[in-house]
Amino acid sequence: MAEQLNEYAGKATMEKITSLAKRRGFVFQSSEIYGGQNGAWDYGPLGIELKNRIAAAWWKEMTQLHDDIVGLDAAILMHPRTWEASGHVENFTDPLVDCKKCKMRFRADQIPEENLAAKKCPECGGELTDTRKFNLMFKTHIGPAEDTASIIYLRPETAQGIYVNYKNIIQSNRMKIPFGIAQIGKAFRNEIVTKNFIFRTCEFEQMEMQYFVKGGTDEEWFNEWRRRRWAYYEKLGVKMDHLRWHQHGPGELAHYAKDAYDIEYLFPMGWRELEGVHNRTDYDLRRHTEYSGKDMQYIDQDNNSERYIPYIIETSAGLTRNVLMILCDAYDEEQVADKGNDDDWRTVLRFHPSLAPVTVAVLPLMKKDGLAELAQDIRRELKEDFATDYDQAGAIGRRYRRQDEAGTPFCVTVDYQSKEDGTVTLRFRDSMEQIRVPKAELTSRLRQEIKEYKRTK
Ligand code: ATP
C-alpha cells in the first residue's frame, strides 16, 4: 500500500481548478448571468463527458463485473413517509449558529470550540446565537394545495429508493442473498456552508450500492466491500498516496450505522471524504416494515424458507465529488522549455484515457494541400470507436497545449508525409513523445494504448 502524504504536495489549487474548469468548459457556475446560484453548478461540454465516464466506470465495476448486483433508477420524489421511516425527518440535521453582527452562518461542528463556548463569531468577533438543529432536506409541495398534507421532499440520498424496491427486485430478478442493487442519481441537501467549488453542493449526484446480507455475515461483507472499493480507485489510476481510510468514531456515526469508514482524498484544501462504506444493519428495512406495514423479510428458499430482515452494507460515493477528485488528481504543471516565455510551461490533465473527455484529437499540420481533408477522413473513421476532436486553427504547438489542458491523451497529426506513405504522427500527452503509425493501424494501436495505460507522472 502506498505511503500516505502528510500534506498536499500537488500543483493544483482550488482557484486553478475552478478557473480551468470554466475556461475549458468543464464546469460553470449555475445561473451565472444572475450572479450565480449558491450550491449549484452546470457541467459544460468537457465536464459532462468526464462525469459520464466516471459514472460509466463505476457502473461497470459495480454491475457488469458483479453477477450478484443489478441496477435501479428510482424517482427523486418519494412518498413522504419514506423519510419519516428512514429517520431523516427527525435526525438529518446539522447544528447551526448565526452571527448576530455580520450575519454569517456556520455549522457549529466546524468552528473552533472556544468560539462556540464563548459564543464569539470566528469571522468578526460578534455574538453568536444559540446552536439550533437545521434539517438538511429540501421541502416543497406537490399538487395545487400548499398545506401540510402536500409536503414532499427532494431525496437527500439515493439509498431509500433502493430499499423500498428491494422486494420488487428479488421477485422480478430472482435475486438471492447476498446480492446488491446499484444506483446513480441526484440528491439534494440544503447545506449550511457550500464552498470549495463542487466539493459540497446543494444539488449533487451519488453513486450508491446497497448490498443485502444475512445478519452475522455483515462484518465480513463490510470488510470485503472496503477492500473492493479501495481496489477500485487503484484501478482507476488515482494517486494512492492521496487516499486514506477514516473510521467514524462513536460521535460521528450516522443514526443507522453500526460501523462506517470513509475513503478520504487529499484535496488541495486537505483530507476530505470521498466515499463512505457503511454497515447500516437491518435498521432501514425494519423501519420500512414498521412505517409501511409491509413485510420486508427475506425468505430463504434454499434454507427451509427461513425468514429474516437482511443487513445492508452500503458503498456511497459522490459522483460530482469524484469529478473534483479526478480533476485535482490529474492536474499537473510542467516546464517543457527554457526560453523565458509563457510557452515554457504547460498545464496538463493526466486523466486515465478511459476517463478523458476526448480520447484522440486529429490535427492537420496545415489547412492547405489536402491535409485538412485527409485529417477529416481519419477523424471520421476514429469517431466510431473513440471520442474525438478536430482542430486546425493556429500553430501546432499551441494546439497540443490546448489538448493537454483538456486532458486528451492522444493527438494524431497529419502532415505531408501522411499523403505520401499513409502514416501519421501519434503524440502521447504524458511523455509528449511522438511516433509514426500507419493510419490503418490507428484504431487497434489506440485500443491497446488505452488498455495498457499506466500513469508515470
Ligand atoms: P458530510 O459529513 O461531508 O456532510 P456525509 O457523511 O453526510 O457528508 P454521506 O451521507 O455519507 O455524506 O454521503 C455519501 C457521499 O455523498 C459522500 O461521501 C460524498 O461523496 C457525497 N456527498 C454528500 N453530501 C454531498 C454534498 N453536499 N455535495 C456533494 N457531494 C456530497
# chains A, B, ... in the order shown; residues from 1 in each chain; ligands from 1
>>> residues_around(residues="Lys176 in chain A", least_positions_apart="5", cutoff="10 Å", atoms="only C-alpha atoms", output="count of residues only")
10
>>> residues_near_ligand(ligand="ligand 1", cutoff="7 Å", atoms="only C-alpha atoms and all ligand atoms", output="NGL selection string")
:A and (157 or 189 or 191 or 198-206 or 273-276 or 316-321)
>>> write_last_selection(atoms="C-alpha atoms", output="short mmCIF file (atom, residue, chain, number, x, y, z; two decimals), in the first residue's frame")
data_model
loop_
_atom_site.label_atom_id
_atom_site.label_comp_id
_atom_site.auth_asym_id
_atom_site.auth_seq_id
_atom_site.Cartn_x
_atom_site.Cartn_y
_atom_site.Cartn_z
CA GLU A 157 -29.71 10.27 -0.55
CA ARG A 189 -29.16 18.76 0.71
CA GLU A 191 -26.09 22.57 3.09
CA ILE A 198 -18.19 21.35 -6.50
CA PHE A 199 -17.00 19.62 -3.31
CA ARG A 200 -20.08 20.37 -1.24
CA THR A 201 -23.18 21.49 -3.12
CA CYS A 202 -26.91 21.54 -2.52
CA GLU A 203 -27.63 19.55 -5.69
CA PHE A 204 -25.22 16.70 -6.40
CA GLU A 205 -25.06 13.14 -7.68
CA GLN A 206 -24.39 9.97 -5.79
CA GLU A 273 -14.40 12.44 2.48
CA LEU A 274 -14.79 11.00 -0.99
CA GLU A 275 -16.87 7.92 -0.31
CA GLY A 276 -18.40 6.18 2.68
CA SER A 316 -21.85 5.60 -1.10
CA ALA A 317 -19.71 7.78 -3.33
CA GLY A 318 -20.33 11.29 -4.60
CA LEU A 319 -20.21 11.36 -8.39
CA THR A 320 -19.74 15.12 -8.57
CA ARG A 321 -17.20 14.90 -5.75
#
>>> select_by_dssp(residues="range 184-342 of chain A", states="strand (DSSP E)", output="PyMOL selection string")
chain A and resi 184-188+203-213+243-247+259-267+270-279+298-300+306-308+311-318+331-335
>>> residues_around(residues="Ala2 in chain A", least_positions_apart="5", cutoff="12 Å", atoms="only C-alpha atoms", output="ChimeraX atom specification")
/A:230,234,238-244
>>> closest_residue(among="A:Cys411, A:Cys99, A:Val348, A:Ile326", to="Leu363 in chain A", atoms="only C-alpha atoms")
A:Cys411
>>> select_by_dssp(residues="range 205-433 of chain A", states="alpha helix (DSSP H)", output="JSON, numbers by chain")
{"A": [218, 219, 220, 221, 222, 223, 224, 225, 226, 227, 228, 229, 230, 231, 232, 233, 234, 235, 283, 284, 285, 286, 287, 288, 289, 290, 291, 292, 319, 320, 321, 322, 323, 324, 325, 326, 327, 328, 329, 330, 371, 372, 373, 374, 375, 376, 377, 378, 379, 380, 381, 382, 383, 396, 397, 398, 399, 400, 401, 402, 403, 404, 405, 406, 416, 417, 418, 419, 420, 421]}
>>> residues_around(residues="range 370-379 of chain A", least_positions_apart="4", cutoff="12 Å", atoms="only C-alpha atoms", output="PyMOL selection string")
chain A and resi 359-366+383-393+411-420+422-425+438-443
>>> write_last_selection(atoms="C-alpha atoms", output="tab-separated table (two decimals), in the first residue's frame")
chain	number	residue	atom	x	y	z
A	359	THR	CA	-9.66	10.35	-26.32
A	360	VAL	CA	-7.99	11.43	-29.53
A	361	ALA	CA	-7.66	14.77	-31.32
A	362	VAL	CA	-6.88	14.87	-35.03
A	363	LEU	CA	-4.79	17.83	-36.17
A	364	PRO	CA	-3.72	18.63	-39.76
A	365	LEU	CA	-0.29	20.28	-39.76
A	366	MET	CA	-1.59	22.79	-42.35
A	383	LYS	CA	-15.25	8.52	-34.41
A	384	GLU	CA	-16.90	5.12	-34.49
A	385	ASP	CA	-14.64	3.89	-31.68
A	386	PHE	CA	-13.41	6.93	-29.77
A	387	ALA	CA	-14.43	10.37	-28.52
A	388	THR	CA	-12.62	12.65	-30.99
A	389	ASP	CA	-11.85	16.30	-31.50
A	390	TYR	CA	-10.58	18.13	-34.57
A	391	ASP	CA	-8.56	21.34	-34.55
A	392	GLN	CA	-6.92	23.08	-37.48
A	393	ALA	CA	-6.53	26.60	-36.02
A	411	CYS	CA	-3.12	13.50	-30.73
A	412	VAL	CA	-2.88	12.37	-34.34
A	413	THR	CA	-1.11	14.81	-36.62
A	414	VAL	CA	-1.49	14.63	-40.38
A	415	ASP	CA	1.41	16.05	-42.42
A	416	TYR	CA	2.85	15.91	-45.93
A	417	GLN	CA	4.42	12.53	-45.35
A	418	SER	CA	0.95	11.20	-44.49
A	419	LYS	CA	-0.12	11.93	-48.07
A	420	GLU	CA	2.83	10.03	-49.43
A	422	GLY	CA	-0.21	6.81	-45.28
A	423	THR	CA	1.48	7.23	-41.89
A	424	VAL	CA	0.54	9.79	-39.23
A	425	THR	CA	2.18	11.10	-36.07
A	438	PRO	CA	0.28	3.67	-40.40
A	439	LYS	CA	-3.19	5.19	-40.33
A	440	ALA	CA	-4.75	1.79	-40.94
A	441	GLU	CA	-3.33	0.66	-37.57
A	442	LEU	CA	-4.52	3.66	-35.54
A	443	THR	CA	-7.67	2.12	-34.07
>>> closest_residue(among="A:Val277, A:Gly397, A:Met104, A:Lys167", to="Lys294 in chain A", atoms="only C-alpha atoms")
A:Lys167
>>> closest_residue(among="A:Ala257, A:Asp295, A:Arg447, A:Leu349", to="Arg24 in chain A", atoms="only C-alpha atoms")
A:Leu349
>>> closest_residue(among="A:Asp338, A:Glu452, A:Asp332, A:Glu405", to="Pro353 in chain A", atoms="only C-alpha atoms")
A:Glu452
>>> atom_distance(atom1="CA of Pro310 in chain A", atom2="CA of Trp221 in chain A")
12.4 Å
>>> closest_residue(among="A:Ser354, A:Arg53, A:Met207, A:Asp67", to="Gln448 in chain A", atoms="only C-alpha atoms")
A:Ser354
>>> residues_around(residues="Gly44 in chain A", least_positions_apart="2", cutoff="7 Å", atoms="only C-alpha atoms", output="list in words")
Gly25, Phe26, Val27, Phe28, Asp42, Leu46, Gly47 and Ile48 of chain A
>>> write_last_selection(atoms="C-alpha atoms", output="short mmCIF file (atom, residue, chain, number, x, y, z; two decimals), in the first residue's frame")
data_model
loop_
_atom_site.label_atom_id
_atom_site.label_comp_id
_atom_site.auth_asym_id
_atom_site.auth_seq_id
_atom_site.Cartn_x
_atom_site.Cartn_y
_atom_site.Cartn_z
CA GLY A 25 -15.95 24.21 -20.35
CA PHE A 26 -15.84 21.58 -17.62
CA VAL A 27 -17.99 23.33 -15.01
CA PHE A 28 -19.79 26.69 -14.92
CA ASP A 42 -23.56 23.34 -14.50
CA LEU A 46 -15.99 18.57 -21.35
CA GLY A 47 -17.45 18.27 -17.84
CA ILE A 48 -20.45 16.19 -18.85
#
>>> closest_residue(among="A:Cys102, A:Ala21, A:Cys121, A:Leu5", to="Gly407 in chain A", atoms="only C-alpha atoms")
A:Ala21
>>> residues_around(residues="Ser86 in chain A", least_positions_apart="3", cutoff="10 Å", atoms="only C-alpha atoms", output="PDB file with N, CA, C and O atoms, in the first residue's frame")
ATOM      1  N   ARG A  81     -43.636   9.517   3.755  1.00  0.00           N
ATOM      2  CA  ARG A  81     -43.454   8.579   4.874  1.00  0.00           C
ATOM      3  C   ARG A  81     -42.070   7.924   4.822  1.00  0.00           C
ATOM      4  O   ARG A  81     -41.528   7.509   5.842  1.00  0.00           O
ATOM      5  N   THR A  82     -41.529   7.804   3.598  1.00  0.00           N
ATOM      6  CA  THR A  82     -40.189   7.220   3.435  1.00  0.00           C
ATOM      7  C   THR A  82     -39.202   7.891   4.385  1.00  0.00           C
ATOM      8  O   THR A  82     -38.368   7.236   5.021  1.00  0.00           O
ATOM      9  N   TRP A  83     -39.304   9.236   4.446  1.00  0.00           N
ATOM     10  CA  TRP A  83     -38.284   9.996   5.179  1.00  0.00           C
ATOM     11  C   TRP A  83     -38.562  10.035   6.669  1.00  0.00           C
ATOM     12  O   TRP A  83     -37.677  10.352   7.463  1.00  0.00           O
ATOM     13  N   VAL A  89     -36.412  12.823   8.720  1.00  0.00           N
ATOM     14  CA  VAL A  89     -37.217  13.958   9.198  1.00  0.00           C
ATOM     15  C   VAL A  89     -36.747  14.349  10.601  1.00  0.00           C
ATOM     16  O   VAL A  89     -36.589  15.515  10.923  1.00  0.00           O
ATOM     17  N   GLU A  90     -36.460  13.335  11.402  1.00  0.00           N
ATOM     18  CA  GLU A  90     -36.072  13.605  12.779  1.00  0.00           C
ATOM     19  C   GLU A  90     -34.582  13.905  12.947  1.00  0.00           C
ATOM     20  O   GLU A  90     -34.204  14.798  13.687  1.00  0.00           O
ATOM     21  N   ASN A  91     -33.761  13.163  12.203  1.00  0.00           N
ATOM     22  CA  ASN A  91     -32.325  13.184  12.526  1.00  0.00           C
ATOM     23  C   ASN A  91     -31.393  13.814  11.505  1.00  0.00           C
ATOM     24  O   ASN A  91     -30.214  13.998  11.787  1.00  0.00           O
ATOM     25  N   PHE A  92     -31.891  14.109  10.310  1.00  0.00           N
ATOM     26  CA  PHE A  92     -30.939  14.562   9.286  1.00  0.00           C
ATOM     27  C   PHE A  92     -30.702  16.066   9.432  1.00  0.00           C
ATOM     28  O   PHE A  92     -31.128  16.881   8.623  1.00  0.00           O
ATOM     29  N   ALA A 159     -30.233   6.111  -1.527  1.00  0.00           N
ATOM     30  CA  ALA A 159     -30.372   4.784  -0.924  1.00  0.00           C
ATOM     31  C   ALA A 159     -31.823   4.339  -0.712  1.00  0.00           C
ATOM     32  O   ALA A 159     -32.167   3.180  -0.969  1.00  0.00           O
ATOM     33  N   GLN A 160     -32.668   5.262  -0.228  1.00  0.00           N
ATOM     34  CA  GLN A 160     -34.025   4.833   0.150  1.00  0.00           C
ATOM     35  C   GLN A 160     -34.813   4.287  -1.045  1.00  0.00           C
ATOM     36  O   GLN A 160     -35.674   3.418  -0.889  1.00  0.00           O
ATOM     37  N   TYR A 163     -34.092   0.688  -1.066  1.00  0.00           N
ATOM     38  CA  TYR A 163     -34.704  -0.121  -0.001  1.00  0.00           C
ATOM     39  C   TYR A 163     -36.176  -0.403  -0.285  1.00  0.00           C
ATOM     40  O   TYR A 163     -36.654  -1.515  -0.090  1.00  0.00           O
ATOM     41  N   HIS A 255     -27.229   7.863  12.372  1.00  0.00           N
ATOM     42  CA  HIS A 255     -28.191   7.205  13.274  1.00  0.00           C
ATOM     43  C   HIS A 255     -28.434   5.743  12.917  1.00  0.00           C
ATOM     44  O   HIS A 255     -28.866   4.972  13.744  1.00  0.00           O
ATOM     45  N   TYR A 256     -28.154   5.355  11.670  1.00  0.00           N
ATOM     46  CA  TYR A 256     -28.449   3.992  11.242  1.00  0.00           C
ATOM     47  C   TYR A 256     -27.228   3.067  11.286  1.00  0.00           C
ATOM     48  O   TYR A 256     -27.346   1.885  11.032  1.00  0.00           O
ATOM     49  N   TYR A 283     -31.498  -1.695  10.102  1.00  0.00           N
ATOM     50  CA  TYR A 283     -32.261  -0.506  10.532  1.00  0.00           C
ATOM     51  C   TYR A 283     -33.284  -0.067   9.491  1.00  0.00           C
ATOM     52  O   TYR A 283     -34.474   0.069   9.792  1.00  0.00           O
ATOM     53  N   ASP A 284     -32.836   0.174   8.250  1.00  0.00           N
ATOM     54  CA  ASP A 284     -33.738   0.765   7.251  1.00  0.00           C
ATOM     55  C   ASP A 284     -34.911  -0.156   6.931  1.00  0.00           C
ATOM     56  O   ASP A 284     -36.056   0.281   6.888  1.00  0.00           O
ATOM     57  N   LEU A 285     -34.630  -1.437   6.722  1.00  0.00           N
ATOM     58  CA  LEU A 285     -35.726  -2.340   6.340  1.00  0.00           C
ATOM     59  C   LEU A 285     -36.678  -2.580   7.513  1.00  0.00           C
ATOM     60  O   LEU A 285     -37.880  -2.735   7.317  1.00  0.00           O
ATOM     61  N   ARG A 286     -36.146  -2.569   8.710  1.00  0.00           N
ATOM     62  CA  ARG A 286     -37.017  -2.690   9.890  1.00  0.00           C
ATOM     63  C   ARG A 286     -37.958  -1.490   9.976  1.00  0.00           C
ATOM     64  O   ARG A 286     -39.154  -1.629  10.215  1.00  0.00           O
ATOM     65  N   ARG A 287     -37.387  -0.330   9.802  1.00  0.00           N
ATOM     66  CA  ARG A 287     -38.202   0.893   9.894  1.00  0.00           C
ATOM     67  C   ARG A 287     -39.248   0.928   8.773  1.00  0.00           C
ATOM     68  O   ARG A 287     -40.370   1.337   8.978  1.00  0.00           O
ATOM     69  N   HIS A 288     -38.871   0.488   7.559  1.00  0.00           N
ATOM     70  CA  HIS A 288     -39.860   0.481   6.474  1.00  0.00           C
ATOM     71  C   HIS A 288     -40.969  -0.542   6.755  1.00  0.00           C
ATOM     72  O   HIS A 288     -42.123  -0.331   6.375  1.00  0.00           O
ATOM     73  N   TYR A 291     -43.223   1.343   9.257  1.00  0.00           N
ATOM     74  CA  TYR A 291     -43.965   2.505   8.734  1.00  0.00           C
ATOM     75  C   TYR A 291     -44.899   2.150   7.580  1.00  0.00           C
ATOM     76  O   TYR A 291     -45.893   2.829   7.363  1.00  0.00           O
TER      77      TYR A 291
END
>>> atom_distance(atom1="CA of Ser19 in chain A", atom2="CA of Ile33 in chain A")
16.8 Å
>>> decode(residues="range 145-165 of chain A", atoms="C-alpha atoms", output="PDB file, in the first residue's frame")
ATOM      1  CA  ALA A 145     -52.698  22.893  -2.319  1.00  0.00           C
ATOM      2  CA  GLU A 146     -49.769  24.196  -0.292  1.00  0.00           C
ATOM      3  CA  ASP A 147     -50.801  22.612   3.020  1.00  0.00           C
ATOM      4  CA  THR A 148     -49.090  20.157   5.339  1.00  0.00           C
ATOM      5  CA  ALA A 149     -50.742  17.222   3.569  1.00  0.00           C
ATOM      6  CA  SER A 150     -48.972  18.121   0.323  1.00  0.00           C
ATOM      7  CA  ILE A 151     -45.388  18.287   1.672  1.00  0.00           C
ATOM      8  CA  ILE A 152     -42.849  16.359  -0.337  1.00  0.00           C
ATOM      9  CA  TYR A 153     -39.055  16.183  -0.069  1.00  0.00           C
ATOM     10  CA  LEU A 154     -36.270  16.140  -2.606  1.00  0.00           C
ATOM     11  CA  ARG A 155     -34.350  12.986  -1.704  1.00  0.00           C
ATOM     12  CA  PRO A 156     -31.219  13.669   0.387  1.00  0.00           C
ATOM     13  CA  GLU A 157     -29.714  10.272  -0.552  1.00  0.00           C
ATOM     14  CA  THR A 158     -30.448   7.766  -3.291  1.00  0.00           C
ATOM     15  CA  ALA A 159     -30.372   4.784  -0.924  1.00  0.00           C
ATOM     16  CA  GLN A 160     -34.025   4.833   0.150  1.00  0.00           C
ATOM     17  CA  GLY A 161     -35.209   4.318  -3.445  1.00  0.00           C
ATOM     18  CA  ILE A 162     -33.296   1.042  -3.352  1.00  0.00           C
ATOM     19  CA  TYR A 163     -34.704  -0.121  -0.001  1.00  0.00           C
ATOM     20  CA  VAL A 164     -38.323   0.431  -0.947  1.00  0.00           C
ATOM     21  CA  ASN A 165     -37.744  -1.563  -4.169  1.00  0.00           C
TER      22      ASN A 165
END
